[in-house]
file final.tsv (TSV, C-alpha atoms)
chain	number	residue	atom	x	y	z
T	883	MET	CA	-11.58	24.18	1.26
T	884	LYS	CA	-9.19	21.93	-0.58
T	885	VAL	CA	-6.16	19.84	0.33
T	886	ILE	CA	-3.48	19.70	-2.34
T	887	ILE	CA	-0.78	17.04	-2.26
T	888	THR	CA	1.86	17.75	-4.89
T	889	ASP	CA	5.35	16.39	-5.53
T	890	THR	CA	6.31	19.30	-7.83
T	891	GLY	CA	4.95	22.40	-6.12
T	892	VAL	CA	2.63	22.80	-9.13
T	893	TYR	CA	-1.15	22.52	-8.67
T	894	PRO	CA	-4.31	23.34	-10.63
T	895	GLY	CA	-6.22	26.57	-10.03
T	896	ILE	CA	-5.44	29.02	-7.26
T	897	LEU	CA	-4.57	28.51	-3.63
T	898	ASN	CA	-7.03	30.20	-1.27
T	899	GLU	CA	-6.11	31.18	2.27
T	900	GLU	CA	-8.00	28.28	3.85
T	901	ASP	CA	-6.53	25.66	1.50
T	902	VAL	CA	-3.83	23.25	2.62
T	903	LEU	CA	-0.76	22.64	0.46
T	904	ILE	CA	1.40	19.59	1.14
T	905	THR	CA	4.55	19.49	-0.92
T	906	THR	CA	8.12	18.24	-0.95
T	907	GLY	CA	10.55	19.93	1.43
T	908	MET	CA	8.11	19.65	4.32
T	909	ASN	CA	8.87	17.45	7.30
T	910	VAL	CA	7.15	14.24	6.17
T	911	HIS	CA	7.86	10.72	7.42
T	912	ALA	CA	6.75	7.30	6.24
T	913	CYS	CA	3.91	5.41	7.92
T	914	ALA	CA	5.36	2.96	10.46
T	915	GLY	CA	2.41	0.58	10.13
T	916	CYS	CA	1.92	0.80	13.92
T	917	PHE	CA	-1.87	1.50	13.96
T	918	GLY	CA	-1.25	4.14	16.66
T	919	CYS	CA	-3.75	6.35	14.80
T	920	PHE	CA	-6.37	3.69	15.65
T	921	THR	CA	-5.50	2.73	19.22
T	922	LYS	CA	-3.08	5.25	20.79
T	923	THR	CA	-4.27	8.66	19.60
T	924	PRO	CA	-7.42	7.69	17.63
T	925	GLY	CA	-7.89	9.98	14.65
T	926	VAL	CA	-4.35	11.44	14.72
T	927	CYS	CA	-1.07	9.90	13.60
T	928	VAL	CA	1.51	9.29	16.34
T	929	VAL	CA	4.39	10.30	14.05
T	930	ASP	CA	5.05	13.92	14.98
T	931	ASP	CA	5.73	15.81	11.74
T	932	ASP	CA	4.00	18.27	9.38
T	933	ILE	CA	1.27	15.81	8.30
T	934	ALA	CA	0.30	14.07	11.57
T	935	ASP	CA	-3.21	15.58	11.26
T	936	MET	CA	-4.00	14.36	7.72
T	937	GLY	CA	-7.18	12.66	9.01
T	938	GLU	CA	-8.51	15.96	10.35
T	939	LYS	CA	-7.49	17.80	7.17
T	940	LEU	CA	-9.39	15.34	5.01
T	941	ALA	CA	-12.41	15.49	7.32
T	942	LYS	CA	-12.59	19.25	6.74
T	943	CYS	CA	-11.89	19.42	3.02
T	944	ASP	CA	-14.32	19.36	0.10
T	945	ASP	CA	-11.70	18.62	-2.54
T	946	LEU	CA	-8.51	16.58	-2.52
T	947	TYR	CA	-6.15	17.38	-5.39
T	948	ILE	CA	-3.36	14.90	-5.97
T	949	VAL	CA	-0.53	15.98	-8.28
T	950	SER	CA	1.99	13.23	-8.85
T	951	ARG	CA	4.51	11.82	-11.25
T	952	CYS	CA	3.08	8.54	-12.47
T	953	TRP	CA	5.41	5.66	-11.60
T	954	TYR	CA	4.25	2.26	-12.90
T	955	GLY	CA	0.63	3.39	-12.52
T	956	SER	CA	1.23	4.44	-8.93
T	957	TYR	CA	1.84	7.75	-7.18
T	958	SER	CA	5.38	8.96	-6.60
T	959	PRO	CA	7.01	7.83	-3.33
T	960	PHE	CA	6.38	11.29	-1.78
T	961	VAL	CA	2.66	11.37	-2.64
T	962	LYS	CA	2.27	7.73	-1.59
T	963	THR	CA	3.88	8.53	1.77
T	964	VAL	CA	1.30	11.27	2.37
T	965	MET	CA	-1.58	9.03	1.26
T	966	GLU	CA	-0.48	6.33	3.71
T	967	ARG	CA	-0.51	8.86	6.52
T	968	CYS	CA	-4.24	9.44	5.87
T	969	LEU	CA	-5.14	6.21	7.69
T	970	SER	CA	-6.44	8.18	10.68
T	971	TYR	CA	-9.27	9.44	8.43
T	972	ILE	CA	-10.93	6.02	8.55
T	973	HIS	CA	-12.14	3.83	11.41
T	974	PRO	CA	-10.30	0.63	12.43
T	975	ASP	CA	-13.45	-1.51	12.37
T	976	PHE	CA	-14.67	-3.28	9.25
T	977	VAL	CA	-17.89	-3.20	7.25
T	978	ILE	CA	-18.95	-5.32	4.29
T	979	ARG	CA	-19.70	-3.08	1.29
T	980	ASP	CA	-20.50	-4.34	-2.21
T	981	GLY	CA	-19.66	-7.85	-1.07
T	982	VAL	CA	-16.14	-7.08	0.21
T	983	MET	CA	-14.56	-5.94	3.45
T	984	ARG	CA	-13.72	-2.25	3.89
T	985	HIS	CA	-12.85	-0.08	6.85
T	986	LYS	CA	-15.77	1.65	8.52
T	987	ARG	CA	-15.97	5.41	8.03
T	988	ARG	CA	-14.82	7.64	10.91
T	989	TYR	CA	-16.46	10.76	9.48
T	990	ASN	CA	-19.80	11.22	7.77
T	991	HIS	CA	-18.15	13.17	4.99
T	992	GLU	CA	-17.55	12.80	1.27
T	993	ILE	CA	-14.43	14.19	-0.44
T	994	ARG	CA	-14.18	14.91	-4.16
T	995	ILE	CA	-10.90	13.43	-5.35
T	996	SER	CA	-9.03	14.66	-8.42
T	997	ALA	CA	-5.74	13.22	-9.63
T	998	PHE	CA	-3.34	14.95	-12.02
T	999	PHE	CA	-0.58	12.58	-13.13
T	1000	TYR	CA	2.40	13.64	-15.19
T	1001	GLY	CA	5.37	11.96	-16.89
T	1002	GLU	CA	7.06	11.85	-20.28
T	1003	ASN	CA	6.23	8.31	-21.34
T	1004	ILE	CA	3.29	7.05	-19.36
T	1005	GLU	CA	2.20	3.83	-21.03
T	1006	GLU	CA	-1.45	2.92	-21.55
T	1007	ALA	CA	-1.17	0.02	-19.05
T	1008	GLU	CA	0.19	2.45	-16.46
T	1009	LYS	CA	-2.67	4.90	-17.07
T	1010	GLU	CA	-5.17	2.10	-16.63
T	1011	THR	CA	-3.48	1.03	-13.38
T	1012	ALA	CA	-3.48	4.64	-12.12
T	1013	ARG	CA	-7.19	5.12	-12.92
T	1014	GLU	CA	-8.01	1.95	-11.03
T	1015	LEU	CA	-5.81	3.00	-8.08
T	1016	ILE	CA	-7.71	6.29	-7.76
T	1017	ARG	CA	-11.03	4.48	-8.01
T	1018	LEU	CA	-10.02	2.09	-5.20
T	1019	ASN	CA	-8.62	4.89	-3.02
T	1020	ALA	CA	-11.88	6.83	-3.45
T	1021	ILE	CA	-13.93	3.80	-2.34
T	1022	ASN	CA	-11.77	3.23	0.72
T	1023	LEU	CA	-11.77	6.94	1.67
T	1024	TYR	CA	-15.54	7.23	1.16
T	1025	GLY	CA	-14.86	9.79	-1.54
T	1026	LYS	CA	-15.98	10.42	-5.08
T	1027	VAL	CA	-13.70	10.57	-8.12
T	1028	SER	CA	-14.00	13.95	-9.79
T	1029	ARG	CA	-11.19	14.07	-12.38
T	1030	ILE	CA	-8.27	11.87	-13.43
T	1031	MET	CA	-5.94	13.54	-15.95
T	1032	PHE	CA	-2.55	12.76	-17.45
T	1033	PHE	CA	0.08	15.27	-18.64
T	1034	THR	CA	3.47	15.03	-20.29
T	1035	ASP	CA	4.83	18.04	-18.45
T	1036	ALA	CA	3.92	18.91	-14.85
T	1037	LEU	CA	3.88	22.61	-15.70
T	1038	GLU	CA	0.76	22.07	-17.83
T	1039	ILE	CA	-1.13	21.22	-14.62
T	1040	GLY	CA	-0.75	24.82	-13.43
T	1041	GLY	CA	-2.93	25.91	-16.33
T	1042	ILE	CA	-5.89	23.71	-15.33
T	1043	GLN	CA	-8.83	25.36	-13.56
W	1189	MET	CA	19.80	-20.44	-8.38
W	1190	LYS	CA	20.60	-17.16	-6.65
W	1191	VAL	CA	17.42	-15.77	-5.11
W	1192	ALA	CA	16.75	-12.44	-3.39
W	1193	LEU	CA	13.89	-12.52	-0.87
W	1194	ILE	CA	12.92	-8.91	-0.34
W	1195	CYS	CA	10.96	-7.97	2.78
W	1196	ALA	CA	9.42	-4.54	2.22
W	1197	SER	CA	7.42	-4.12	5.41
W	1198	PRO	CA	8.39	-1.20	7.66
W	1199	LYS	CA	8.09	-3.70	10.50
W	1200	GLY	CA	10.96	-5.84	9.17
W	1201	LYS	CA	11.30	-9.19	10.90
W	1202	GLU	CA	8.22	-8.49	13.06
W	1203	SER	CA	5.95	-8.46	10.02
W	1204	THR	CA	3.53	-10.79	8.24
W	1205	SER	CA	5.63	-10.13	5.12
W	1206	TYR	CA	8.64	-11.71	6.83
W	1207	LEU	CA	6.57	-14.67	8.02
W	1208	LEU	CA	5.59	-15.34	4.39
W	1209	LEU	CA	9.20	-14.83	3.31
W	1210	GLU	CA	10.30	-17.52	5.76
W	1211	GLU	CA	7.64	-19.90	4.42
W	1212	ILE	CA	8.94	-19.51	0.88
W	1213	LYS	CA	12.54	-19.76	2.03
W	1214	GLU	CA	11.69	-23.11	3.61
W	1215	LYS	CA	10.31	-24.28	0.26
W	1216	MET	CA	13.42	-23.08	-1.59
W	1217	GLN	CA	16.08	-25.12	0.16
W	1218	GLY	CA	18.86	-25.98	-2.26
W	1219	ASN	CA	18.86	-22.47	-3.71
W	1220	GLU	CA	21.22	-19.74	-2.63
W	1221	THR	CA	18.82	-17.28	-0.95
W	1222	GLU	CA	19.56	-13.92	0.59
W	1223	GLU	CA	17.25	-11.64	2.55
W	1224	ILE	CA	17.04	-7.94	1.78
W	1225	PHE	CA	15.07	-5.52	3.97
W	1226	ILE	CA	13.53	-2.38	2.50
W	1227	GLN	CA	12.71	-0.03	5.36
W	1228	PRO	CA	12.96	3.73	5.93
W	1229	GLY	CA	16.57	4.73	6.56
W	1230	ILE	CA	18.30	1.86	4.75
W	1231	ASN	CA	21.08	2.34	2.21
W	1232	MET	CA	19.03	2.12	-0.99
W	1233	ASP	CA	22.01	1.96	-3.37
W	1234	LYS	CA	23.46	-1.01	-1.55
W	1235	ALA	CA	20.12	-2.83	-1.42
W	1236	ILE	CA	19.56	-2.24	-5.16
W	1237	SER	CA	23.04	-3.55	-6.07
W	1238	ARG	CA	22.43	-6.64	-3.96
W	1239	MET	CA	19.08	-7.25	-5.68
W	1240	PHE	CA	20.70	-7.02	-9.14
W	1241	GLU	CA	23.18	-9.79	-8.27
W	1242	ASN	CA	20.37	-12.36	-8.21
W	1243	GLU	CA	18.61	-14.41	-10.87
W	1244	TYR	CA	15.22	-14.53	-9.15
W	1245	VAL	CA	13.77	-11.76	-6.99
W	1246	ILE	CA	10.68	-12.24	-4.83
W	1247	PHE	CA	9.04	-9.27	-3.09
W	1248	PHE	CA	7.01	-9.56	0.13
W	1249	TYR	CA	5.06	-6.52	1.27
W	1250	PRO	CA	1.89	-5.35	3.03
W	1251	LEU	CA	-0.88	-3.67	1.03
W	1252	TYR	CA	-0.91	0.02	1.97
W	1253	VAL	CA	-3.75	2.23	0.65
W	1254	ASP	CA	-4.34	-0.14	-2.29
W	1255	GLY	CA	-0.70	-0.05	-3.36
W	1256	LEU	CA	2.96	-0.71	-2.59
W	1257	PRO	CA	4.42	0.76	0.64
W	1258	SER	CA	6.04	4.12	-0.15
W	1259	THR	CA	9.51	2.93	0.86
W	1260	LEU	CA	9.27	0.04	-1.61
W	1261	LEU	CA	8.13	2.50	-4.30
W	1262	ALA	CA	11.16	4.69	-3.55
W	1263	PHE	CA	13.39	1.61	-3.87
W	1264	LEU	CA	11.86	0.68	-7.25
W	1265	THR	CA	12.09	4.19	-8.70
W	1266	ALA	CA	15.74	4.45	-7.60
W	1267	SER	CA	16.52	1.05	-9.16
W	1268	GLU	CA	15.49	2.35	-12.59
W	1269	MET	CA	18.40	4.80	-12.56
W	1270	LYS	CA	21.06	2.14	-11.97
W	1271	PRO	CA	22.61	0.03	-14.71
W	1272	HIS	CA	21.37	-3.54	-14.57
W	1273	LYS	CA	21.13	-6.71	-16.60
W	1274	ARG	CA	17.88	-7.75	-18.28
W	1275	GLY	CA	15.87	-10.87	-17.66
W	1276	ILE	CA	15.98	-11.12	-13.87
W	1277	GLU	CA	12.95	-13.19	-12.86
W	1278	VAL	CA	10.44	-11.46	-10.62
W	1279	ALA	CA	7.51	-12.59	-8.45
W	1280	GLU	CA	5.63	-10.99	-5.56
W	1281	VAL	CA	3.60	-11.77	-2.46
W	1282	CYS	CA	1.23	-9.07	-1.21
W	1283	ASN	CA	-0.45	-9.44	2.16
W	1284	CYS	CA	-3.78	-7.74	2.90
W	1285	GLY	CA	-5.36	-6.80	6.22
W	1286	TYR	CA	-8.77	-7.06	4.55
W	1287	TYR	CA	-10.36	-10.50	4.42
W	1288	GLU	CA	-10.28	-10.79	0.64
W	1289	GLY	CA	-6.99	-11.21	-1.19
W	1290	LYS	CA	-8.36	-9.49	-4.27
W	1291	HIS	CA	-7.87	-6.03	-2.72
W	1292	GLY	CA	-4.22	-6.36	-3.73
W	1293	TYR	CA	-4.72	-6.78	-7.47
W	1294	ILE	CA	-3.74	-3.22	-8.43
W	1295	SER	CA	-0.71	-3.36	-6.17
W	1296	LEU	CA	0.43	-6.58	-7.91
W	1297	ARG	CA	0.03	-4.79	-11.23
W	1298	ILE	CA	2.10	-1.78	-10.12
W	1299	LEU	CA	5.07	-4.03	-9.35
W	1300	GLU	CA	4.44	-5.91	-12.59
W	1301	ASN	CA	4.59	-2.60	-14.50
W	1302	TRP	CA	7.94	-1.86	-12.85
W	1303	ALA	CA	9.33	-5.30	-13.77
W	1304	LYS	CA	8.33	-4.81	-17.40
W	1305	LYS	CA	9.90	-1.35	-17.51
W	1306	MET	CA	13.14	-2.90	-16.22
W	1307	HIS	CA	12.99	-5.61	-18.97
W	1308	PHE	CA	12.78	-8.26	-16.28
W	1309	THR	CA	10.84	-11.52	-16.64
W	1310	TYR	CA	7.70	-11.11	-14.57
W	1311	HIS	CA	6.23	-14.46	-13.48
W	1312	GLY	CA	3.26	-13.36	-11.38
W	1313	GLY	CA	2.18	-12.70	-7.85
W	1314	VAL	CA	-0.26	-13.62	-5.17
W	1315	SER	CA	-2.27	-11.36	-2.93
W	1316	ILE	CA	-3.29	-13.06	0.33
W	1317	GLY	CA	-6.32	-11.87	2.31
W	1318	ALA	CA	-6.58	-11.86	6.12
W	1319	ALA	CA	-2.83	-12.39	6.18
W	1320	PRO	CA	-2.29	-11.09	9.76
W	1321	ALA	CA	-4.26	-14.17	10.89
W	1322	ILE	CA	-1.95	-16.73	9.23
W	1323	GLU	CA	0.17	-17.44	12.30
W	1324	THR	CA	-2.89	-18.00	14.52
W	1325	VAL	CA	-4.69	-20.12	11.93
W	1326	ARG	CA	-1.61	-22.32	11.45
W	1327	GLU	CA	-1.85	-23.38	15.11
W	1328	MET	CA	-5.55	-24.25	14.94
W	1329	PRO	CA	-6.80	-27.80	14.41
W	1330	MET	CA	-7.37	-28.04	10.63
W	1331	GLY	CA	-5.22	-24.92	10.32
W	1332	ASN	CA	-3.15	-26.36	7.50
W	1333	ALA	CA	-6.32	-27.16	5.55
W	1334	MET	CA	-7.47	-23.55	5.99
W	1335	LEU	CA	-4.15	-22.30	4.62
W	1336	LYS	CA	-4.05	-24.78	1.72
W	1337	ARG	CA	-4.72	-22.28	-1.08
W	1338	ALA	CA	-2.21	-19.79	0.28
W	1339	ASP	CA	0.39	-22.57	0.65
W	1340	GLN	CA	-0.22	-23.74	-2.90
W	1341	ALA	CA	0.32	-20.23	-4.24
W	1342	LEU	CA	3.54	-19.86	-2.23
W	1343	SER	CA	4.76	-23.23	-3.55
W	1344	LEU	CA	4.14	-22.07	-7.13
W	1345	ILE	CA	6.23	-18.96	-6.50
W	1346	ALA	CA	9.00	-20.96	-4.79
W	1347	ALA	CA	9.15	-23.30	-7.80
W	1348	GLY	CA	9.16	-20.36	-10.25
W	1349	ASN	CA	5.92	-21.73	-11.68
W	1350	ILE	CA	3.45	-18.93	-11.03
W	1351	LYS	CA	2.10	-17.76	-14.39
W	1352	ASP	CA	-0.12	-14.81	-13.55
W	1353	ASN	CA	-1.42	-12.64	-10.75
W	1354	MET	CA	-3.83	-14.34	-8.41
W	1355	SER	CA	-5.51	-13.78	-5.07
W	1356	VAL	CA	-6.39	-16.18	-2.28
W	1357	ASN	CA	-8.44	-16.03	0.91
W	1358	LEU	CA	-7.83	-18.07	4.03
W	1359	GLY	CA	-10.32	-20.83	4.78
W	1360	ILE	CA	-11.76	-19.05	7.81
W	1361	PRO	CA	-15.20	-17.40	7.93
W	1362	ARG	CA	-15.13	-13.68	7.15
W	1363	LEU	CA	-17.26	-12.78	10.17
W	1364	VAL	CA	-14.90	-14.61	12.52
W	1365	TYR	CA	-11.92	-12.70	11.11
W	1366	LYS	CA	-13.82	-9.39	11.43
W	1367	LYS	CA	-14.77	-10.10	15.06
W	1368	VAL	CA	-11.26	-11.17	16.05
W	1369	VAL	CA	-9.60	-8.09	14.51
W	1370	GLU	CA	-12.17	-5.75	16.05
W	1371	SER	CA	-11.82	-7.35	19.45
W	1372	ASN	CA	-8.04	-6.92	19.18
W	1373	TRP	CA	-8.47	-3.17	18.54
W	1374	ARG	CA	-10.50	-2.98	21.77
W	1375	LYS	CA	-7.90	-4.89	23.79
W	1376	GLU	CA	-5.16	-2.69	22.35
W	1377	ILE	CA	-6.91	0.62	23.06
W	1378	ARG	CA	-7.64	-0.41	26.66
W	1379	LYS	CA	-4.00	-1.36	27.08
W	1380	ASN	CA	-3.23	2.22	26.04
W	1381	GLY	CA	-5.41	3.59	28.85
W	1382	LEU	CA	-8.37	4.55	26.64
W	1383	GLU	CA	-11.85	3.11	26.24
W	1384	ALA	CA	-13.43	1.20	23.36
W	1385	ARG	CA	-15.61	4.19	22.42
W	1386	ASP	CA	-12.45	6.26	21.82
W	1387	LEU	CA	-11.96	4.22	18.64
W	1388	ASP	CA	-14.72	6.46	17.19
W	1389	ASN	CA	-12.86	9.68	18.08
W	1390	LYS	CA	-13.40	12.56	15.64
W	1391	MET	CA	-11.13	15.58	15.26
W	1392	THR	CA	-13.89	17.83	13.99
W	1393	GLU	CA	-16.00	18.17	17.15
call {"tool": "encode", "arguments": {"input": "final.tsv", "output": "structure tokens"}}
result
Amino acid sequence: MKVIITDTGVYPGILNEEDVLITTGMNVHACAGCFGCFTKTPGVCVVDDDIADMGEKLAKCDDLYIVSRCWYGSYSPFVKTVMERCLSYIHPDFVIRDGVMRHKRRYNHEIRISAFFYGENIEEAEKETARELIRLNAINLYGKVSRIMFFTDALEIGGIQ
Amino acid sequence: MKVALICASPKGKESTSYLLLEEIKEKMQGNETEEIFIQPGINMDKAISRMFENEYVIFFYPLYVDGLPSTLLAFLTASEMKPHKRGIEVAEVCNCGYYEGKHGYISLRILENWAKKMHFTYHGGVSIGAAPAIETVREMPMGNAMLKRADQALSLIAAGNIKDNMSVNLGIPRLVYKKVVESNWRKEIRKNGLEARDLDNKMTE
């Protein structure tokens, strides 16, 4: 199954019954930085809203599709909020991987991550930043980058398979 | 010089970001500094207008998922829509929970991209590794020596002399930092009535 995070309601391909769609208009709050998902309710966020179980959703999905306006080479505030709430997917302890510190994995699972960025005037420096952001996120989430694409108009993303 | 010190941690005054803000404030005596807090629920318009009234703006924030905290991103995107003067000077201090400061390099660049889009003068930024340990290290014998590189970077920012993005680590061994953080998780989880093995909890079984 796939998890789709989109700030426009648009997403690539079709939505199957088992897929999870996270989009604007849902009850979504910002991460409080409290680490409750590590030490109070390990594996689940303590903020009670529509995305408290992001860790579980990621643990069960094969594909993560991220559809976001590209702001300065980052996700939009909405998509970033959802990404921050995925902290429960990883383990609080540290490991040293490729010479640097990372969080340990909570699940023995690998997600394919695809990012579909849109915006009228995304500059080359912003695209480069965005590509690097996805690469880093994939390392920290023990995932694998599948596709990173840029579009002028979000509606074009609906036509991607 | 009128300086805005912007604390963009959701934890406000209880944060490592604010601790670093206070350190720079100390180094900037003689300037007219004001503190602005970017947290969920604040009046964004008011905070943006206050930022624009300054000549030098310094951001302090924690690294979240390799980037800027979402509330800070929301603040930046909203600021683009408001009329503003050009040439405001910008610098940033990113604090990382990981040992190495270099994890913050993309986050520094995201804020740099914003500053350029706004036609501001971007000076540079520093990403500090193992930042949650700063307060403890400061109290240790030789603590100031261990924080020397971080202090130097903060002094550069305070003086408006930082020229690029850089990262620093604290002068403590990585394994010690790892052990201390991991032992804190265990203390914390026991305080919450659970056991150390619950840290490994999985929602799929």
call {"tool": "closest_residue", "arguments": {"input": "final.tsv", "among": "T:Leu1023, T:Ile1030, T:Ala997, T:Ala914", "to": "chain W", "atoms": "all atoms listed in the file"}}
result
T:Ala914
call {"tool": "residues_around", "arguments": {"input": "final.tsv", "residues": "Lys884 (chain T)", "least_positions_apart": "6", "cutoff": "12 Å", "atoms": "all atoms listed in the file", "output": "list in words"}}
result
Tyr893, Pro894, Gly895, Ile896, Leu897, Asn898, Glu899, Glu900, Asp901, Val902, Leu903, Ile904, Lys939, Leu940, Ala941, Lys942, Cys943, Asp944, Asp945, Leu946, Tyr947, Ile948, Ile993, Arg994, Ile995 and Ser996 of chain T
call {"tool": "closest_residue", "arguments": {"input": "final.tsv", "among": "W:Arg1326, W:Arg1297, W:Lys1336, W:His1272", "to": "chain T", "atoms": "all atoms listed in the file"}}
result
W:Arg1297
call {"tool": "residues_around", "arguments": {"input": "final.tsv", "residues": "Asp1352 (chain W)", "least_positions_apart": "2", "cutoff": "8 Å", "atoms": "only C-alpha atoms", "output": "MDAnalysis selection string"}}
result
chainID W and resid 1311:1313 1350 1354
call {"tool": "residues_near_point", "arguments": {"input": "final.tsv", "point": "(13.0, -18.4, -0.6)", "cutoff": "12 Å", "atoms": "all atoms listed in the file", "output": "VMD selection string"}}
result
chain W and resid 1189 to 1195 1206 to 1224 1244 to 1248 1279 to 1281 1342 to 1348
call {"tool": "residues_near_point", "arguments": {"input": "final.tsv", "point": "(-8.1, -6.8, -4.6)", "cutoff": "12 Å", "atoms": "all atoms listed in the file", "output": "ChimeraX atom specification"}}
result
/T:982-984,1014-1015,1018-1019,1022 /W:1251-1255,1282-1297,1314-1318,1353-1357
call {"tool": "residues_around", "arguments": {"input": "final.tsv", "residues": "Lys986 (chain T)", "least_positions_apart": "6", "cutoff": "9 Å", "atoms": "only C-alpha atoms", "output": "ChimeraX atom specification"}}
result
/T:972-978,1022
